[in-house]
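Below: start_4.cif (mmCIF, C-alpha atoms)
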data_model
loop_
_atom_site.group_PDB
_atom_site.id
_atom_site.type_symbol
_atom_site.label_atom_id
_atom_site.label_comp_id
_atom_site.auth_asym_id
_atom_site.auth_seq_id
_atom_site.Cartn_x
_atom_site.Cartn_y
_atom_site.Cartn_z
ATOM 1 C CA MET A 192 2.413 -37.697 29.950
ATOM 2 C CA THR A 193 5.149 -38.160 27.334
ATOM 3 C CA THR A 194 2.985 -36.443 24.713
ATOM 4 C CA VAL A 195 2.497 -33.422 26.964
ATOM 5 C CA VAL A 196 6.233 -33.083 27.628
ATOM 6 C CA ILE A 197 7.130 -33.471 23.940
ATOM 7 C CA LEU A 198 4.549 -30.889 22.855
ATOM 8 C CA PHE A 199 5.765 -28.437 25.521
ATOM 9 C CA VAL A 200 9.419 -28.880 24.516
ATOM 10 C CA VAL A 201 8.590 -28.457 20.817
ATOM 11 C CA GLY A 202 6.435 -25.411 21.625
ATOM 12 C CA VAL A 203 9.141 -23.695 23.671
ATOM 13 C CA ILE A 204 11.772 -24.402 20.997
ATOM 14 C CA LEU A 205 9.543 -22.954 18.257
ATOM 15 C CA ILE A 206 8.672 -19.876 20.303
ATOM 16 C CA ALA A 207 12.368 -19.362 21.086
ATOM 17 C CA ALA A 208 13.230 -19.775 17.386
ATOM 18 C CA GLU A 209 10.887 -16.877 16.611
ATOM 19 C CA VAL A 210 13.620 -14.461 17.726
ATOM 20 C CA PHE A 211 15.970 -15.799 15.046
ATOM 21 C CA LEU A 212 13.352 -16.365 12.334
ATOM 22 C CA PRO A 213 10.825 -13.518 12.711
ATOM 23 C CA GLY A 214 7.540 -13.507 10.901
ATOM 24 C CA GLY A 215 5.095 -14.970 13.397
ATOM 25 C CA ILE A 216 4.416 -18.340 11.765
ATOM 26 C CA ILE A 217 6.926 -20.339 13.799
ATOM 27 C CA GLY A 218 5.691 -18.698 16.998
ATOM 28 C CA LEU A 219 2.105 -19.602 16.077
ATOM 29 C CA PHE A 220 3.132 -23.234 15.580
ATOM 30 C CA GLY A 221 4.917 -23.105 18.948
ATOM 31 C CA GLY A 222 1.802 -21.730 20.609
ATOM 32 C CA ALA A 223 -0.310 -24.397 18.909
ATOM 33 C CA ALA A 224 2.046 -27.098 20.223
ATOM 34 C CA MET A 225 1.733 -25.654 23.736
ATOM 35 C CA LEU A 226 -2.074 -25.627 23.449
ATOM 36 C CA GLY A 227 -1.935 -29.194 22.144
ATOM 37 C CA GLY A 228 0.048 -30.152 25.229
ATOM 38 C CA ILE A 229 -2.552 -28.542 27.480
ATOM 39 C CA TYR A 230 -5.357 -30.318 25.605
ATOM 40 C CA SER A 231 -3.509 -33.620 25.907
ATOM 41 C CA ALA A 232 -3.063 -33.030 29.651
ATOM 42 C CA TYR A 233 -6.802 -32.376 29.924
ATOM 43 C CA GLY A 234 -7.514 -35.698 28.221
ATOM 44 C CA GLU A 235 -5.136 -37.611 30.500
ATOM 45 C CA PHE A 236 -5.525 -35.825 33.840
ATOM 46 C CA GLY A 237 -8.771 -33.838 33.637
ATOM 47 C CA PRO A 238 -9.322 -30.131 34.338
ATOM 48 C CA GLN A 239 -6.887 -29.945 37.218
ATOM 49 C CA GLY A 240 -4.094 -31.461 35.090
ATOM 50 C CA ALA A 241 -4.887 -29.049 32.269
ATOM 51 C CA PHE A 242 -4.689 -26.080 34.670
ATOM 52 C CA ILE A 243 -1.331 -27.224 36.053
ATOM 53 C CA SER A 244 0.048 -27.852 32.563
ATOM 54 C CA ALA A 245 -1.168 -24.401 31.410
ATOM 55 C CA ALA A 246 0.649 -22.804 34.352
ATOM 56 C CA ILE A 247 3.784 -24.767 33.488
ATOM 57 C CA ALA A 248 3.463 -23.724 29.814
ATOM 58 C CA VAL A 249 3.238 -20.048 30.743
ATOM 59 C CA LEU A 250 6.206 -20.408 33.079
ATOM 60 C CA LEU A 251 8.281 -22.146 30.374
ATOM 61 C CA VAL A 252 7.513 -19.427 27.826
ATOM 62 C CA MET A 253 8.396 -16.696 30.344
ATOM 63 C CA VAL A 254 11.711 -18.411 31.169
ATOM 64 C CA ALA A 255 12.518 -18.819 27.460
ATOM 65 C CA LEU A 256 11.740 -15.158 26.714
ATOM 66 C CA PHE A 257 13.724 -13.988 29.738
ATOM 67 C CA PHE A 258 16.709 -15.992 28.533
ATOM 68 C CA GLU A 259 16.374 -14.633 24.982
ATOM 69 C CA PHE A 260 16.031 -10.967 25.889
ATOM 70 C CA LYS A 261 18.070 -10.633 29.090
ATOM 71 C CA ILE A 262 20.792 -13.296 29.043
ATOM 72 C CA LEU A 263 21.400 -14.062 25.340
ATOM 73 C CA PRO A 264 22.328 -10.462 24.347
ATOM 74 C CA LYS A 265 25.175 -10.535 26.890
ATOM 75 C CA THR A 266 26.768 -13.679 25.416
ATOM 76 C CA ALA A 267 29.254 -13.711 22.534
ATOM 77 C CA LEU A 268 26.651 -15.230 20.209
ATOM 78 C CA GLY A 269 24.041 -12.689 21.276
ATOM 79 C CA LYS A 270 26.371 -9.761 20.687
ATOM 80 C CA ARG A 271 26.769 -10.894 17.085
ATOM 81 C CA LEU A 272 23.012 -11.437 16.620
ATOM 82 C CA PHE A 273 21.581 -8.227 18.076
ATOM 83 C CA ASN A 274 22.109 -4.835 16.441
ATOM 84 C CA LYS A 275 23.172 -2.060 18.825
ATOM 85 C CA GLU A 276 23.695 0.736 16.282
ATOM 86 C CA THR A 277 21.193 3.448 15.424
ATOM 87 C CA ILE A 278 20.478 5.267 12.185
ATOM 88 C CA LYS A 279 21.591 8.862 12.481
ATOM 89 C CA GLU A 280 20.300 10.296 9.199
ATOM 90 C CA SER A 281 17.912 8.889 6.671
ATOM 91 C CA ALA A 282 17.586 11.421 3.868
ATOM 92 C CA GLN A 283 20.129 12.623 1.330
ATOM 93 C CA TYR A 284 18.024 15.628 0.381
ATOM 94 C CA SER A 285 16.082 18.417 2.097
ATOM 95 C CA ALA A 286 12.446 19.444 2.175
ATOM 96 C CA ALA A 287 11.573 22.807 0.644
ATOM 97 C CA GLY A 288 9.882 25.640 2.493
ATOM 98 C CA ASP A 289 7.110 27.905 1.234
ATOM 99 C CA ASP A 290 9.713 30.389 -0.013
ATOM 100 C CA ALA A 291 10.733 27.928 -2.770
ATOM 101 C CA VAL A 292 7.619 28.712 -4.817
ATOM 102 C CA GLY A 293 8.550 30.973 -7.735
ATOM 103 C CA GLN A 294 12.259 30.131 -7.699
ATOM 104 C CA VAL A 295 14.129 28.720 -10.700
ATOM 105 C CA GLY A 296 16.342 25.633 -10.517
ATOM 106 C CA GLU A 297 17.744 22.789 -12.593
ATOM 107 C CA THR A 298 16.755 19.127 -12.705
ATOM 108 C CA ALA A 299 19.328 16.851 -11.065
ATOM 109 C CA THR A 300 17.608 13.764 -12.491
ATOM 110 C CA ALA A 301 15.044 13.247 -15.206
ATOM 111 C CA LEU A 302 11.547 13.927 -13.889
ATOM 112 C CA GLY A 303 9.123 11.349 -15.147
ATOM 113 C CA PRO A 304 7.085 12.736 -13.395
ATOM 114 C CA THR A 305 9.104 12.624 -10.142
ATOM 115 C CA GLY A 306 12.795 13.013 -9.444
ATOM 116 C CA PHE A 307 15.206 15.558 -7.957
ATOM 117 C CA VAL A 308 15.843 19.236 -8.607
ATOM 118 C CA MET A 309 18.767 21.413 -7.493
ATOM 119 C CA LEU A 310 17.444 24.679 -6.097
ATOM 120 C CA ASN A 311 19.981 27.160 -4.659
ATOM 121 C CA GLY A 312 22.521 24.347 -4.213
ATOM 122 C CA VAL A 313 20.048 22.112 -2.337
ATOM 123 C CA LYS A 314 18.784 18.790 -3.693
ATOM 124 C CA LEU A 315 14.977 18.616 -3.424
ATOM 125 C CA GLU A 316 12.430 15.958 -4.344
ATOM 126 C CA ALA A 317 10.208 17.270 -7.113
ATOM 127 C CA ALA A 318 7.254 16.337 -9.297
ATOM 128 C CA SER A 319 6.700 17.630 -12.809
ATOM 129 C CA LYS A 320 3.313 19.174 -13.520
ATOM 130 C CA SER A 321 3.933 19.096 -17.269
ATOM 131 C CA GLY A 322 5.020 15.451 -17.697
ATOM 132 C CA PHE A 323 8.546 14.187 -18.460
ATOM 133 C CA ILE A 324 11.450 16.646 -18.118
ATOM 134 C CA GLU A 325 15.030 15.719 -19.057
ATOM 135 C CA LYS A 326 18.017 15.989 -16.712
ATOM 136 C CA ASN A 327 19.797 19.398 -16.572
ATOM 137 C CA GLU A 328 16.699 21.339 -17.744
ATOM 138 C CA ARG A 329 15.731 24.661 -16.166
ATOM 139 C CA VAL A 330 12.496 24.494 -14.175
ATOM 140 C CA LYS A 331 10.395 26.872 -12.099
ATOM 141 C CA VAL A 332 8.782 25.907 -8.784
ATOM 142 C CA ILE A 333 5.028 26.428 -9.121
ATOM 143 C CA GLY A 334 3.830 24.823 -5.888
ATOM 144 C CA ARG A 335 4.414 22.484 -2.966
ATOM 145 C CA ASP A 336 2.863 19.113 -2.163
ATOM 146 C CA ASN A 337 3.651 17.657 1.284
ATOM 147 C CA PHE A 338 7.381 16.844 1.126
ATOM 148 C CA ARG A 339 8.141 17.691 -2.490
ATOM 149 C CA ILE A 340 7.927 20.658 -4.791
ATOM 150 C CA ILE A 341 5.953 20.866 -8.023
ATOM 151 C CA VAL A 342 7.869 22.225 -11.000
ATOM 152 C CA ALA A 343 7.213 23.168 -14.613
ATOM 153 C CA LYS A 344 9.684 23.382 -17.471
ATOM 154 C CA ILE A 345 10.680 26.924 -18.438
#
Show how you would write the structure in this file as structure tokens.
Amino acid sequence: MTTVVILFVVGVILIAAEVFLPGGIIGLFGGAAMLGGIYSAYGEFGPQGAFISAAIAVLLVMVALFFEFKILPKTALGKRLFNKETIKESAQYSAAGDDAVGQVGETATALGPTGFVMLNGVKLEAASKSGFIEKNERVKVIGRDNFRIIVAKI
């Protein structure tokens, strides 16, 4: 009986620690400890004991997860651990439309073969069709590829 209790306690602690140390490995060890506790209960008490211990294991995990996701975020420690902010913008440059083809711009960075080009005052991701192009060189847009433009040195 002591082995079952110890394995369940260790399993719940490891599963609860998964919130603080994500990656899955600690949670797998916690689950393995819980299964070990169920197996140990089967050896000591038979199938009925294993069923009862499995029900207790599921209940313990549900209580631990409820505490972690519903109660912990409202505590002072939880407010420091959980991020509440959202990312508003993710890109510092724009995507070009079909009208960019044929226009002339200037490289904002060296293209070797990718980098950034200034086209009509807008910073765009670009790829060089003709290999390496130095910074501040004049280029012409000759095509588009998904989210970037394809340029050639003039």
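Picture a line from CA of Ile229 (chain A) to CA of Ala245 (chain A); it runs 5.9 Å.
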Task: Who sits within 9 Å of region 288-291 of chain A, only C-alpha atoms, same chain under 6 positions skipped, as a VMD selection string - done: chain A and resid 310 332 to 335 340
Tell me, counting only C-alpha atoms, for each residue of region 232-255 of chain A within 12 Å of region 205-214 of chain A, which pair of atoms is nearest and how far apart they are in Å to one decimal, in rows ordered by chain and increasing number, as a tab-separated table.
residue	atom	partner	partner_atom	distance
A:Ala248	CA	A:Ile206	CA	11.5
A:Val249	CA	A:Ile206	CA	11.8
A:Leu251	CA	A:Ile206	CA	10.3
A:Val252	CA	A:Ile206	CA	7.6
A:Met253	CA	A:Ala207	CA	10.4
A:Val254	CA	A:Ala207	CA	10.1
A:Ala255	CA	A:Ala207	CA	6.4
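Near region 311-322 of chain A, within a cut-off of 7 Å and counting only C-alpha atoms, sit the residues A:Tyr284, A:Ser285, A:Ala286, A:Ala287, A:Leu302, A:Gly303, A:Pro304, A:Thr305, A:Gly306, A:Phe307, A:Val308, A:Met309, A:Ile324, A:Arg339, A:Ile340, A:Ile341, A:Val342, A:Ala343, with same-chain residues fewer than 2 positions away left out.
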Open item on the list: Measuring between only C-alpha atoms, which one of A:Leu250, A:Gly237, A:Gly269, A:Thr194 shows the shortest distance to Ala224 (chain A)?
Closed with: A:Thr194
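Counting from CA of Gln239 (chain A), the distance to CA of Gly221 (chain A) is 22.8 Å.
Comparing the minimum interatomic distances between Val295 (chain A) and each of A:Met225, A:Ile345, A:Lys279, A:Val196, counting all atoms listed in the file, we find that A:Ile345 sits nearest.
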Task: Point-to-point distance from CA of Thr266 (chain A) to CA of Gly215 (chain A), Å rounded to tenths - done: 24.8 Å
